[in-house]
$ cat target_35.cif   # mmCIF, C-alpha atoms
data_query
loop_
_atom_site.group_PDB
_atom_site.id
_atom_site.type_symbol
_atom_site.label_atom_id
_atom_site.label_comp_id
_atom_site.auth_asym_id
_atom_site.auth_seq_id
_atom_site.Cartn_x
_atom_site.Cartn_y
_atom_site.Cartn_z
ATOM 1 C CA MET A 1 -2.640 29.718 -2.914
ATOM 2 C CA LEU A 2 -2.422 32.941 -4.834
ATOM 3 C CA LEU A 3 -2.302 32.652 -8.630
ATOM 4 C CA ASP A 4 -1.936 35.120 -11.435
ATOM 5 C CA ASP A 5 -4.546 35.172 -14.209
ATOM 6 C CA GLY A 6 -2.553 32.641 -16.198
ATOM 7 C CA GLY A 7 -2.528 30.129 -13.347
ATOM 8 C CA ARG A 8 1.100 30.661 -12.286
ATOM 9 C CA ILE A 9 1.554 30.103 -8.535
ATOM 10 C CA LEU A 10 2.623 33.358 -6.871
ATOM 11 C CA HIS A 11 2.377 32.090 -3.312
ATOM 12 C CA ALA A 12 1.417 28.896 -1.471
ATOM 13 C CA ASN A 13 1.244 28.822 2.297
ATOM 14 C CA ARG A 14 3.107 26.297 4.426
ATOM 15 C CA THR A 15 0.086 24.017 4.845
ATOM 16 C CA ALA A 16 -0.491 23.811 1.102
ATOM 17 C CA ARG A 17 3.134 22.928 0.411
ATOM 18 C CA SER A 18 3.408 20.345 3.206
ATOM 19 C CA THR A 19 0.076 18.716 2.295
ATOM 20 C CA PHE A 20 0.394 18.644 -1.490
ATOM 21 C CA GLY A 21 4.096 19.160 -2.251
ATOM 22 C CA ASP A 22 4.866 18.701 -5.952
ATOM 23 C CA THR A 23 1.183 17.828 -6.531
ATOM 24 C CA LEU A 24 0.337 21.571 -6.454
ATOM 25 C CA GLY A 25 1.582 21.998 -9.997
ATOM 26 C CA ALA A 26 -0.406 18.971 -11.199
ATOM 27 C CA VAL A 27 -3.571 20.410 -9.621
ATOM 28 C CA ILE A 28 -3.174 23.765 -11.367
ATOM 29 C CA ARG A 29 -2.369 22.127 -14.712
ATOM 30 C CA HIS A 30 -5.444 19.900 -14.545
ATOM 31 C CA PRO A 31 -7.899 20.591 -17.417
ATOM 32 C CA ALA A 32 -10.792 21.219 -14.987
ATOM 33 C CA VAL A 33 -8.771 23.928 -13.215
ATOM 34 C CA GLN A 34 -7.624 25.538 -16.467
ATOM 35 C CA SER A 35 -11.251 25.678 -17.621
ATOM 36 C CA VAL A 36 -12.283 27.484 -14.424
ATOM 37 C CA LEU A 37 -9.411 29.973 -14.616
ATOM 38 C CA SER A 38 -10.257 30.897 -18.205
ATOM 39 C CA SER A 39 -13.868 31.747 -17.351
ATOM 40 C CA LEU A 40 -13.667 33.065 -13.759
ATOM 41 C CA THR A 41 -15.375 36.410 -13.075
ATOM 42 C CA PRO A 42 -14.930 38.751 -10.078
ATOM 43 C CA GLU A 43 -18.542 38.292 -8.979
ATOM 44 C CA THR A 44 -18.529 34.559 -8.333
ATOM 45 C CA ALA A 45 -16.617 31.810 -6.551
ATOM 46 C CA VAL A 46 -16.263 28.506 -8.369
ATOM 47 C CA VAL A 47 -15.705 25.084 -6.792
ATOM 48 C CA THR A 48 -14.248 22.240 -8.850
ATOM 49 C CA ARG A 49 -13.085 18.710 -8.104
ATOM 50 C CA VAL A 50 -9.745 17.396 -9.324
ATOM 51 C CA GLU A 51 -8.852 13.698 -9.510
ATOM 52 C CA LEU A 52 -5.199 12.737 -9.806
ATOM 53 C CA ASP A 53 -4.050 9.151 -10.372
ATOM 54 C CA VAL A 54 -0.258 9.532 -10.282
ATOM 55 C CA PRO A 55 1.642 8.540 -8.206
ATOM 56 C CA VAL A 56 -1.403 7.523 -6.124
ATOM 57 C CA ARG A 57 -5.069 8.383 -6.456
ATOM 58 C CA ARG A 58 -5.875 11.742 -4.888
ATOM 59 C CA ILE A 59 -9.068 13.809 -4.761
ATOM 60 C CA VAL A 60 -8.746 17.593 -4.315
ATOM 61 C CA GLN A 61 -11.579 20.114 -4.063
ATOM 62 C CA VAL A 62 -10.524 23.611 -5.136
ATOM 63 C CA THR A 63 -12.432 26.839 -4.571
ATOM 64 C CA PHE A 64 -11.451 29.768 -6.836
ATOM 65 C CA ARG A 65 -12.189 33.457 -6.421
ATOM 66 C CA LYS A 66 -10.615 36.559 -7.909
ATOM 67 C CA TRP A 67 -9.096 38.613 -5.133
ATOM 68 C CA PRO A 68 -10.430 42.163 -4.694
ATOM 69 C CA ASP A 69 -8.681 45.056 -6.398
ATOM 70 C CA ARG A 70 -8.174 46.820 -3.050
ATOM 71 C CA PHE A 71 -6.250 43.772 -1.767
ATOM 72 C CA ALA A 72 -4.134 43.606 -4.914
ATOM 73 C CA ARG A 73 -3.255 47.301 -4.628
ATOM 74 C CA SER A 74 -2.403 46.994 -0.924
ATOM 75 C CA VAL A 75 0.271 44.356 -1.624
ATOM 76 C CA ASP A 76 1.355 45.857 -4.950
ATOM 77 C CA TRP A 77 0.162 42.880 -7.013
ATOM 78 C CA GLU A 78 -1.767 42.746 -10.212
ATOM 79 C CA GLU A 79 -5.119 41.014 -10.531
ATOM 80 C CA GLY A 80 -5.079 37.365 -9.642
ATOM 81 C CA VAL A 81 -6.946 34.424 -8.144
ATOM 82 C CA LEU A 82 -7.223 33.008 -4.631
ATOM 83 C CA ALA A 83 -7.375 29.193 -4.628
ATOM 84 C CA VAL A 84 -8.345 27.225 -1.509
ATOM 85 C CA LEU A 85 -7.481 23.519 -1.689
ATOM 86 C CA GLU A 86 -9.115 20.787 0.371
ATOM 87 C CA ASP A 87 -7.737 17.247 0.299
ATOM 88 C CA CYS A 88 -10.736 14.890 0.101
ATOM 89 C CA SER A 89 -8.655 11.797 -0.604
ATOM 90 C CA GLU A 90 -9.101 10.182 2.797
ATOM 91 C CA THR A 91 -12.880 10.547 2.732
ATOM 92 C CA GLU A 92 -12.979 9.036 -0.744
ATOM 93 C CA VAL A 93 -10.663 6.196 0.277
ATOM 94 C CA VAL A 94 -12.676 5.385 3.403
ATOM 95 C CA ASP A 95 -15.897 5.158 1.392
ATOM 96 C CA ARG A 96 -14.230 2.952 -1.219
ATOM 97 C CA MET A 97 -12.568 0.777 1.425
ATOM 98 C CA ARG A 98 -15.890 0.179 3.158
ATOM 99 C CA ALA A 99 -17.460 -1.067 -0.065
ATOM 100 C CA ASP A 100 -14.360 -3.092 -1.000
ATOM 101 C CA PHE A 101 -14.138 -4.687 2.440
ATOM 102 C CA VAL A 102 -17.727 -5.918 2.277
ATOM 103 C CA ALA A 103 -17.278 -7.220 -1.270
ATOM 104 C CA TYR A 104 -13.958 -8.975 -0.659
ATOM 105 C CA ALA A 105 -14.900 -10.371 2.747
ATOM 106 C CA SER A 106 -18.221 -11.773 1.526
ATOM 107 C CA HIS A 107 -16.463 -13.381 -1.464
ATOM 108 C CA GLU A 108 -13.454 -14.874 0.302
ATOM 109 C CA LEU A 109 -15.219 -15.928 3.517
ATOM 110 C CA ARG A 110 -17.892 -17.866 1.661
ATOM 111 C CA THR A 111 -15.792 -21.020 1.151
ATOM 112 C CA PRO A 112 -14.444 -21.522 4.708
ATOM 113 C CA LEU A 113 -17.817 -20.563 6.163
ATOM 114 C CA ALA A 114 -19.603 -23.151 4.001
ATOM 115 C CA SER A 115 -17.039 -25.714 5.138
ATOM 116 C CA LEU A 116 -17.686 -24.883 8.796
ATOM 117 C CA MET A 117 -21.443 -25.165 8.331
ATOM 118 C CA GLY A 118 -21.018 -28.557 6.672
ATOM 119 C CA PHE A 119 -18.889 -29.933 9.497
ATOM 120 C CA ILE A 120 -21.301 -28.583 12.119
ATOM 121 C CA GLU A 121 -24.183 -30.396 10.437
ATOM 122 C CA THR A 122 -22.091 -33.605 10.335
ATOM 123 C CA LEU A 123 -21.222 -33.303 14.036
ATOM 124 C CA GLN A 124 -24.871 -32.793 14.884
ATOM 125 C CA GLY A 125 -25.893 -35.789 12.781
ATOM 126 C CA PRO A 126 -23.872 -38.796 11.581
ATOM 127 C CA ALA A 127 -20.786 -38.053 13.717
ATOM 128 C CA SER A 128 -22.627 -37.168 16.925
ATOM 129 C CA ASP A 129 -21.585 -40.518 18.510
ATOM 130 C CA ASP A 130 -18.170 -40.881 16.844
ATOM 131 C CA PRO A 131 -15.414 -39.344 19.041
ATOM 132 C CA ALA A 132 -12.669 -40.024 16.481
ATOM 133 C CA ALA A 133 -14.571 -38.280 13.686
ATOM 134 C CA GLN A 134 -15.406 -35.416 16.024
ATOM 135 C CA GLN A 135 -11.735 -34.784 16.782
ATOM 136 C CA GLN A 136 -10.860 -34.911 13.076
ATOM 137 C CA PHE A 137 -13.635 -32.506 12.105
ATOM 138 C CA LEU A 138 -12.917 -30.113 14.987
ATOM 139 C CA ALA A 139 -9.283 -29.846 13.875
ATOM 140 C CA ILE A 140 -10.379 -28.987 10.334
ATOM 141 C CA MET A 141 -12.918 -26.465 11.659
ATOM 142 C CA ALA A 142 -10.214 -24.807 13.781
ATOM 143 C CA ALA A 143 -7.989 -24.475 10.684
ATOM 144 C CA GLN A 144 -10.831 -22.918 8.671
ATOM 145 C CA ALA A 145 -11.642 -20.483 11.484
ATOM 146 C CA ALA A 146 -7.959 -19.496 11.689
ATOM 147 C CA ARG A 147 -7.959 -18.928 7.925
ATOM 148 C CA MET A 148 -10.952 -16.584 8.228
ATOM 149 C CA GLU A 149 -9.254 -14.733 11.082
ATOM 150 C CA ARG A 150 -6.074 -14.248 9.002
ATOM 151 C CA LEU A 151 -8.126 -13.027 6.064
ATOM 152 C CA ILE A 152 -9.991 -10.433 8.131
ATOM 153 C CA GLU A 153 -6.755 -9.221 9.754
ATOM 154 C CA ARG A 154 -5.127 -8.800 6.332
ATOM 155 C CA LEU A 155 -8.152 -6.989 4.921
ATOM 156 C CA LEU A 156 -8.175 -4.574 7.854
ATOM 157 C CA TYR A 157 -4.432 -3.950 7.510
ATOM 158 C CA LEU A 158 -4.797 -3.340 3.771
ATOM 159 C CA SER A 159 -7.583 -0.848 4.513
ATOM 160 C CA ARG A 160 -5.345 1.046 6.935
ATOM 161 C CA VAL A 161 -2.533 1.161 4.375
ATOM 162 C CA GLN A 162 -4.874 2.500 1.673
ATOM 163 C CA ARG A 163 -6.208 5.172 4.014
ATOM 164 C CA LEU A 164 -2.689 6.614 4.370
ATOM 165 C CA GLU A 165 -1.531 5.930 0.817
ATOM 166 C CA HIS A 166 -1.703 9.583 -0.290
ATOM 167 C CA LEU A 167 0.459 10.731 2.660
ATOM 168 C CA ARG A 168 4.191 10.279 2.071
ATOM 169 C CA PRO A 169 6.194 9.332 5.214
ATOM 170 C CA HIS A 170 8.852 11.787 6.371
ATOM 171 C CA ALA A 171 10.491 9.960 9.293
ATOM 172 C CA VAL A 172 14.033 8.756 8.566
ATOM 173 C CA VAL A 173 14.956 5.126 9.254
ATOM 174 C CA ALA A 174 18.254 3.247 9.280
ATOM 175 C CA ALA A 175 18.621 0.194 7.068
ATOM 176 C CA GLN A 176 20.340 -1.686 9.898
ATOM 177 C CA ASP A 177 17.382 -1.063 12.228
ATOM 178 C CA LEU A 178 15.042 -2.586 9.631
ATOM 179 C CA MET A 179 17.220 -5.690 9.371
ATOM 180 C CA ASP A 180 17.397 -6.039 13.152
ATOM 181 C CA ARG A 181 13.621 -5.857 13.430
ATOM 182 C CA LEU A 182 13.158 -8.344 10.589
ATOM 183 C CA LEU A 183 15.453 -10.830 12.313
ATOM 184 C CA GLU A 184 13.505 -10.459 15.561
ATOM 185 C CA ASP A 185 9.982 -10.399 14.111
ATOM 186 C CA SER A 186 10.550 -13.305 11.697
ATOM 187 C CA HIS A 187 11.469 -15.700 14.500
ATOM 188 C CA ILE A 188 7.961 -17.160 14.722
ATOM 189 C CA LEU A 189 7.750 -17.550 10.922
ATOM 190 C CA MET A 190 11.071 -19.397 10.761
ATOM 191 C CA ARG A 191 10.649 -21.471 13.935
ATOM 192 C CA ASP A 192 8.813 -24.408 12.335
ATOM 193 C CA SER A 193 10.452 -24.132 8.918
ATOM 194 C CA ASP A 194 13.471 -25.888 7.450
ATOM 195 C CA ALA A 195 14.234 -22.796 5.357
ATOM 196 C CA ARG A 196 17.290 -20.612 6.005
ATOM 197 C CA LEU A 197 17.007 -16.836 6.340
ATOM 198 C CA VAL A 198 20.139 -14.900 5.360
ATOM 199 C CA ILE A 199 20.328 -11.214 6.341
ATOM 200 C CA LEU A 200 22.986 -9.561 4.178
ATOM 201 C CA PRO A 201 25.263 -6.870 5.687
ATOM 202 C CA VAL A 202 24.198 -3.259 5.116
ATOM 203 C CA GLU A 203 26.006 0.069 5.212
ATOM 204 C CA GLU A 204 26.111 1.531 8.718
ATOM 205 C CA GLU A 205 25.163 5.023 7.547
ATOM 206 C CA LEU A 206 22.381 4.068 5.127
ATOM 207 C CA PHE A 207 19.289 6.147 5.960
ATOM 208 C CA PHE A 208 16.134 6.949 3.991
ATOM 209 C CA PRO A 209 12.614 8.334 4.668
ATOM 210 C CA ALA A 210 10.109 5.590 5.457
ATOM 211 C CA ASP A 211 7.417 4.341 7.788
ATOM 212 C CA GLU A 212 9.482 1.800 9.730
ATOM 213 C CA ASP A 213 6.545 -0.388 10.766
ATOM 214 C CA GLN A 214 5.246 -0.585 7.201
ATOM 215 C CA ILE A 215 8.627 -1.436 5.658
ATOM 216 C CA VAL A 216 9.155 -4.168 8.264
ATOM 217 C CA GLN A 217 5.705 -5.496 7.319
ATOM 218 C CA VAL A 218 6.774 -5.491 3.659
ATOM 219 C CA LEU A 219 9.851 -7.577 4.510
ATOM 220 C CA LEU A 220 7.814 -9.991 6.636
ATOM 221 C CA ASN A 221 5.216 -10.423 3.876
ATOM 222 C CA LEU A 222 7.896 -11.207 1.312
ATOM 223 C CA VAL A 223 9.669 -13.672 3.610
ATOM 224 C CA GLU A 224 6.347 -15.331 4.470
ATOM 225 C CA ASN A 225 5.459 -15.562 0.777
ATOM 226 C CA ALA A 226 8.767 -17.334 0.064
ATOM 227 C CA LEU A 227 8.201 -19.749 2.956
ATOM 228 C CA LYS A 228 4.701 -20.660 1.795
ATOM 229 C CA TYR A 229 5.396 -21.152 -1.892
ATOM 230 C CA GLY A 230 9.141 -21.645 -2.315
ATOM 231 C CA GLY A 231 9.192 -25.302 -1.271
ATOM 232 C CA PRO A 232 11.162 -27.188 1.390
ATOM 233 C CA GLY A 233 14.712 -26.343 2.430
ATOM 234 C CA ILE A 234 14.976 -23.048 0.568
ATOM 235 C CA GLU A 235 17.327 -20.177 1.310
ATOM 236 C CA ILE A 236 15.827 -16.677 1.615
ATOM 237 C CA ARG A 237 18.217 -13.741 1.237
ATOM 238 C CA VAL A 238 17.341 -10.189 2.297
ATOM 239 C CA GLY A 239 19.469 -7.149 1.523
ATOM 240 C CA ILE A 240 19.283 -3.349 1.403
ATOM 241 C CA VAL A 241 21.795 -1.439 -0.739
ATOM 242 C CA ALA A 242 22.230 2.181 -1.792
ATOM 243 C CA GLU A 243 21.317 2.993 -5.386
ATOM 244 C CA GLY A 244 23.502 6.041 -5.830
ATOM 245 C CA ALA A 245 22.457 9.177 -3.996
ATOM 246 C CA ARG A 246 18.833 9.044 -5.107
ATOM 247 C CA GLY A 247 17.493 5.766 -3.752
ATOM 248 C CA VAL A 248 17.858 2.427 -2.008
ATOM 249 C CA GLU A 249 17.021 -1.060 -3.235
ATOM 250 C CA ILE A 250 15.530 -3.737 -0.999
ATOM 251 C CA VAL A 251 15.845 -7.273 -2.359
ATOM 252 C CA VAL A 252 14.179 -10.405 -0.996
ATOM 253 C CA SER A 253 15.061 -13.489 -3.024
ATOM 254 C CA ASP A 254 14.790 -17.259 -2.701
ATOM 255 C CA ASN A 255 15.997 -20.318 -4.584
ATOM 256 C CA GLY A 256 12.639 -22.090 -4.472
ATOM 257 C CA ARG A 257 10.133 -23.295 -7.050
ATOM 258 C CA GLY A 258 9.429 -19.941 -8.676
ATOM 259 C CA VAL A 259 6.408 -19.239 -10.896
ATOM 260 C CA ASP A 260 5.821 -19.008 -14.623
ATOM 261 C CA THR A 261 6.559 -15.549 -16.000
ATOM 262 C CA GLN A 262 2.987 -15.209 -17.308
ATOM 263 C CA HIS A 263 1.729 -14.972 -13.723
ATOM 264 C CA VAL A 264 4.243 -12.379 -12.497
ATOM 265 C CA PRO A 265 2.345 -9.212 -13.602
ATOM 266 C CA ARG A 266 -0.744 -10.334 -11.655
ATOM 267 C CA LEU A 267 0.870 -11.460 -8.402
ATOM 268 C CA THR A 268 0.141 -8.135 -6.679
ATOM 269 C CA GLU A 269 -3.587 -8.318 -7.461
ATOM 270 C CA ARG A 270 -5.839 -8.981 -4.476
ATOM 271 C CA PHE A 271 -6.681 -12.668 -4.034
ATOM 272 C CA TYR A 272 -4.772 -13.698 -7.164
ATOM 273 C CA ARG A 273 -3.445 -17.227 -6.729
ATOM 274 C CA VAL A 274 -1.361 -19.262 -9.144
ATOM 275 C CA GLU A 275 -2.840 -22.617 -10.065
ATOM 276 C CA GLY A 276 -0.588 -25.437 -8.932
ATOM 277 C CA ARG A 277 0.579 -23.552 -5.850
ATOM 278 C CA ALA A 278 -2.458 -24.733 -3.888
ATOM 279 C CA ASN A 279 -0.405 -27.655 -2.565
ATOM 280 C CA ALA A 280 1.744 -25.270 -0.582
ATOM 281 C CA ALA A 281 2.165 -26.192 3.065
ATOM 282 C CA GLN A 282 0.046 -23.255 4.147
ATOM 283 C CA SER A 283 -2.777 -21.561 2.305
ATOM 284 C CA GLY A 284 -2.297 -17.808 1.916
ATOM 285 C CA THR A 285 -4.888 -15.053 1.905
ATOM 286 C CA GLY A 286 -3.870 -13.705 -1.504
ATOM 287 C CA LEU A 287 -3.315 -10.254 0.052
ATOM 288 C CA GLY A 288 0.355 -10.275 1.096
ATOM 289 C CA LEU A 289 1.828 -8.925 -2.140
ATOM 290 C CA ALA A 290 -1.093 -6.518 -2.640
ATOM 291 C CA ILE A 291 -0.230 -4.988 0.747
ATOM 292 C CA VAL A 292 3.429 -4.744 -0.304
ATOM 293 C CA LYS A 293 2.490 -2.885 -3.488
ATOM 294 C CA HIS A 294 0.286 -0.343 -1.685
ATOM 295 C CA ILE A 295 2.979 0.355 0.923
ATOM 296 C CA VAL A 296 5.625 0.828 -1.772
ATOM 297 C CA ASP A 297 3.280 3.185 -3.671
ATOM 298 C CA ARG A 298 2.798 5.242 -0.510
ATOM 299 C CA HIS A 299 6.589 5.626 -0.245
ATOM 300 C CA GLY A 300 6.871 6.792 -3.850
ATOM 301 C CA GLY A 301 8.801 3.640 -4.760
ATOM 302 C CA ARG A 302 8.718 0.862 -7.347
ATOM 303 C CA PHE A 303 8.065 -2.855 -6.834
ATOM 304 C CA ARG A 304 9.310 -5.466 -9.306
ATOM 305 C CA ILE A 305 9.038 -9.274 -9.199
ATOM 306 C CA GLU A 306 11.335 -11.576 -11.182
ATOM 307 C CA SER A 307 10.663 -15.315 -11.324
ATOM 308 C CA ALA A 308 10.727 -18.418 -13.494
ATOM 309 C CA PRO A 309 9.922 -22.096 -12.801
ATOM 310 C CA GLY A 310 12.747 -23.737 -10.895
ATOM 311 C CA LYS A 311 14.702 -20.476 -10.564
ATOM 312 C CA GLY A 312 13.161 -19.022 -7.427
ATOM 313 C CA MET A 313 11.740 -15.550 -6.999
ATOM 314 C CA SER A 314 13.358 -12.163 -6.544
ATOM 315 C CA CYS A 315 11.340 -9.214 -5.210
ATOM 316 C CA ARG A 316 13.000 -5.829 -5.744
ATOM 317 C CA ILE A 317 11.826 -2.589 -4.151
ATOM 318 C CA TRP A 318 13.285 0.801 -5.008
ATOM 319 C CA LEU A 319 12.628 3.646 -2.540
ATOM 320 C CA PRO A 320 13.734 7.292 -2.821
ATOM 321 C CA ARG A 321 16.311 8.652 -0.371
ATOM 322 C CA GLU A 322 14.606 12.043 -0.271
ATOM 323 C CA SER A 323 11.056 12.621 1.039
#
$ encode --input "target_35.cif" --output "structure tokens"
Amino acid sequence: MLLDDGGRILHANRTARSTFGDTLGAVIRHPAVQSVLSSLTPETAVVTRVELDVPVRRIVQVTFRKWPDRFARSVDWEEGVLAVLEDCSETEVVDRMRADFVAYASHELRTPLASLMGFIETLQGPASDDPAAQQQFLAIMAAQAARMERLIERLLYLSRVQRLEHLRPHAVVAAQDLMDRLLEDSHILMRDSDARLVILPVEEELFFPADEDQIVQVLLNLVENALKYGGPGIEIRVGIVAEGARGVEIVVSDNGRGVDTQHVPRLTERFYRVEGRANAAQSGTGLGLAIVKHIVDRHGGRFRIESAPGKGMSCRIWLPRES
């Protein structure tokens, strides 16, 4: 980018605009950048690091240097500053994800792993000659191993989502295509359930920028969450509607048990589980809604949960219609 002495952007090349978009202004307005601009001399180049937290965390390294007078005269510009921006967000995220993965995996795998070790010791000892006990224990061990596998898969998926969180999707998807994929991909989830999935009609010409695979995963996570914790015989309704010309709203609601309002703000935290929901038919990983939140953040959207005991749960996602 080329800046004047006051920090006003005179020119930003195509790469800068496509990579940073509206974030360019936030970078230049950052106090660390303003401090550099106020003290920059022609003899030196200065490198500074800018951390932005809105709408998602982003790390930018900026190198500043006053451009030579001969260059300014050749293009008929006054004195100014050349700023070279490097997006370090992905490197930062990868390092943080590696540490988080080890911490979360070691914490959450401890319980099922201890259970497996206990059953193995029992099979090697007291139950070594008891076929009935062996079959019972092996079934429990298989369930614990499957739980660990689900946990690792969710952690890896969450890591992939976080790695791309600072990159807004630009591909355009049709709301009807999302509903068609949800109906197809949810077949296995619904096969052994007595719940009813209702896909509400959508506008034929409703399009918006999104990562189709990620939004389908959001819908699947919300449907799966309702199946696990809503109770028997519930109805799950999924709809996508236009919110004026600026956005779309995705709603996944059920008429199940619901949760106390005091828990709602924490439901998107990793591994947060509501006491009393442990009797659900299937034990979750505690990562489904955290994944939803990170995907919605990547799309520049908003995620809101409404629930109360006995009144079901409604998950509302607002996404912009412009990238």
$ residues_around --input "target_35.cif" --residues "region 124-141 of chain A" --least-positions-apart "5" --cutoff "8 Å" --atoms "all atoms listed in the file" --output "JSON, numbers by chain"
{"A": [115, 116, 119]}
$ residues_around --input "target_35.cif" --residues "Glu235 (chain A)" --least-positions-apart "3" --cutoff "12 Å" --atoms "all atoms listed in the file" --output "list in words"
Met190, Ser193, Asp194, Ala195, Arg196, Leu197, Val198, Ile199, Val223, Ala226, Leu227, Gly230, Gly231, Pro232, Val238, Val252, Ser253, Asp254, Asn255, Gly256, Arg257, Gly312, Met313 and Ser314 of chain A
$ resolve_selection --input "target_35.cif" --expression "the PyMOL selection byres ((chain A and resi 242) around 12)" --output "PDB file with C-alpha atoms, in the frame of the given file"
ATOM      1  CA  ALA A 174      18.254   3.247   9.280  1.00  0.00           C
ATOM      2  CA  ALA A 175      18.621   0.194   7.068  1.00  0.00           C
ATOM      3  CA  VAL A 202      24.198  -3.259   5.116  1.00  0.00           C
ATOM      4  CA  GLU A 203      26.006   0.069   5.212  1.00  0.00           C
ATOM      5  CA  GLU A 204      26.111   1.531   8.718  1.00  0.00           C
ATOM      6  CA  GLU A 205      25.163   5.023   7.547  1.00  0.00           C
ATOM      7  CA  LEU A 206      22.381   4.068   5.127  1.00  0.00           C
ATOM      8  CA  PHE A 207      19.289   6.147   5.960  1.00  0.00           C
ATOM      9  CA  PHE A 208      16.134   6.949   3.991  1.00  0.00           C
ATOM     10  CA  GLY A 239      19.469  -7.149   1.523  1.00  0.00           C
ATOM     11  CA  ILE A 240      19.283  -3.349   1.403  1.00  0.00           C
ATOM     12  CA  VAL A 241      21.795  -1.439  -0.739  1.00  0.00           C
ATOM     13  CA  GLU A 243      21.317   2.993  -5.386  1.00  0.00           C
ATOM     14  CA  GLY A 244      23.502   6.041  -5.830  1.00  0.00           C
ATOM     15  CA  ALA A 245      22.457   9.177  -3.996  1.00  0.00           C
ATOM     16  CA  ARG A 246      18.833   9.044  -5.107  1.00  0.00           C
ATOM     17  CA  GLY A 247      17.493   5.766  -3.752  1.00  0.00           C
ATOM     18  CA  VAL A 248      17.858   2.427  -2.008  1.00  0.00           C
ATOM     19  CA  GLU A 249      17.021  -1.060  -3.235  1.00  0.00           C
ATOM     20  CA  ILE A 250      15.530  -3.737  -0.999  1.00  0.00           C
ATOM     21  CA  VAL A 251      15.845  -7.273  -2.359  1.00  0.00           C
ATOM     22  CA  ILE A 317      11.826  -2.589  -4.151  1.00  0.00           C
ATOM     23  CA  TRP A 318      13.285   0.801  -5.008  1.00  0.00           C
ATOM     24  CA  LEU A 319      12.628   3.646  -2.540  1.00  0.00           C
ATOM     25  CA  PRO A 320      13.734   7.292  -2.821  1.00  0.00           C
ATOM     26  CA  ARG A 321      16.311   8.652  -0.371  1.00  0.00           C
TER      27      ARG A 321
END
$ resolve_selection --input "target_35.cif" --expression "the PyMOL selection byres ((chain A and resi 212-216) around 7)" --output "PDB file with C-alpha atoms, in the coordinates of the input"
ATOM      1  CA  VAL A 173      14.956   5.126   9.254  1.00  0.00           C
ATOM      2  CA  LEU A 178      15.042  -2.586   9.631  1.00  0.00           C
ATOM      3  CA  LEU A 182      13.158  -8.344  10.589  1.00  0.00           C
ATOM      4  CA  ALA A 210      10.109   5.590   5.457  1.00  0.00           C
ATOM      5  CA  ASP A 211       7.417   4.341   7.788  1.00  0.00           C
ATOM      6  CA  GLN A 217       5.705  -5.496   7.319  1.00  0.00           C
ATOM      7  CA  VAL A 218       6.774  -5.491   3.659  1.00  0.00           C
ATOM      8  CA  LEU A 219       9.851  -7.577   4.510  1.00  0.00           C
ATOM      9  CA  LEU A 220       7.814  -9.991   6.636  1.00  0.00           C
ATOM     10  CA  ILE A 295       2.979   0.355   0.923  1.00  0.00           C
TER      11      ILE A 295
END
$ closest_residue --input "target_35.cif" --among "A:Ser159, A:Thr15, A:Thr41, A:Gln61" --to "Ile291 (chain A)" --atoms "only C-alpha atoms"
A:Ser159
$ residues_around --input "target_35.cif" --residues "Lys66 (chain A)" --least-positions-apart "5" --cutoff "10 Å" --atoms "all atoms listed in the file" --output "PyMOL selection string"
chain A and resi 2-5+37+40-46+79-83
$ atom_distance --input "target_35.cif" --atom1 "CA of Gln144 (chain A)" --atom2 "CA of Val274 (chain A)"
20.5 Å
$ resolve_selection --input "target_35.cif" --expression "the PyMOL selection byres ((chain A and resi 60) around 10)" --output "ChimeraX atom specification"
/A:20,27,48-52,58-59,61-63,85-89
$ atom_distance --input "target_35.cif" --atom1 "CA of Arg168 (chain A)" --atom2 "CA of Leu189 (chain A)"
29.4 Å
$ atom_distance --input "target_35.cif" --atom1 "CA of Arg191 (chain A)" --atom2 "CA of Lys228 (chain A)"
13.5 Å
$ residues_around --input "target_35.cif" --residues "Gly288 (chain A)" --least-positions-apart "6" --cutoff "8 Å" --atoms "only C-alpha atoms" --output "PyMOL selection string"
chain A and resi 154+221-222+225
$ residues_around --input "target_35.cif" --residues "Leu158 (chain A)" --least-positions-apart "3" --cutoff "9 Å" --atoms "all atoms listed in the file" --output "list in words"
Glu153, Arg154, Leu155, Val161, Gln162, Arg163, Leu287, Ala290, Ile291 and His294 of chain A
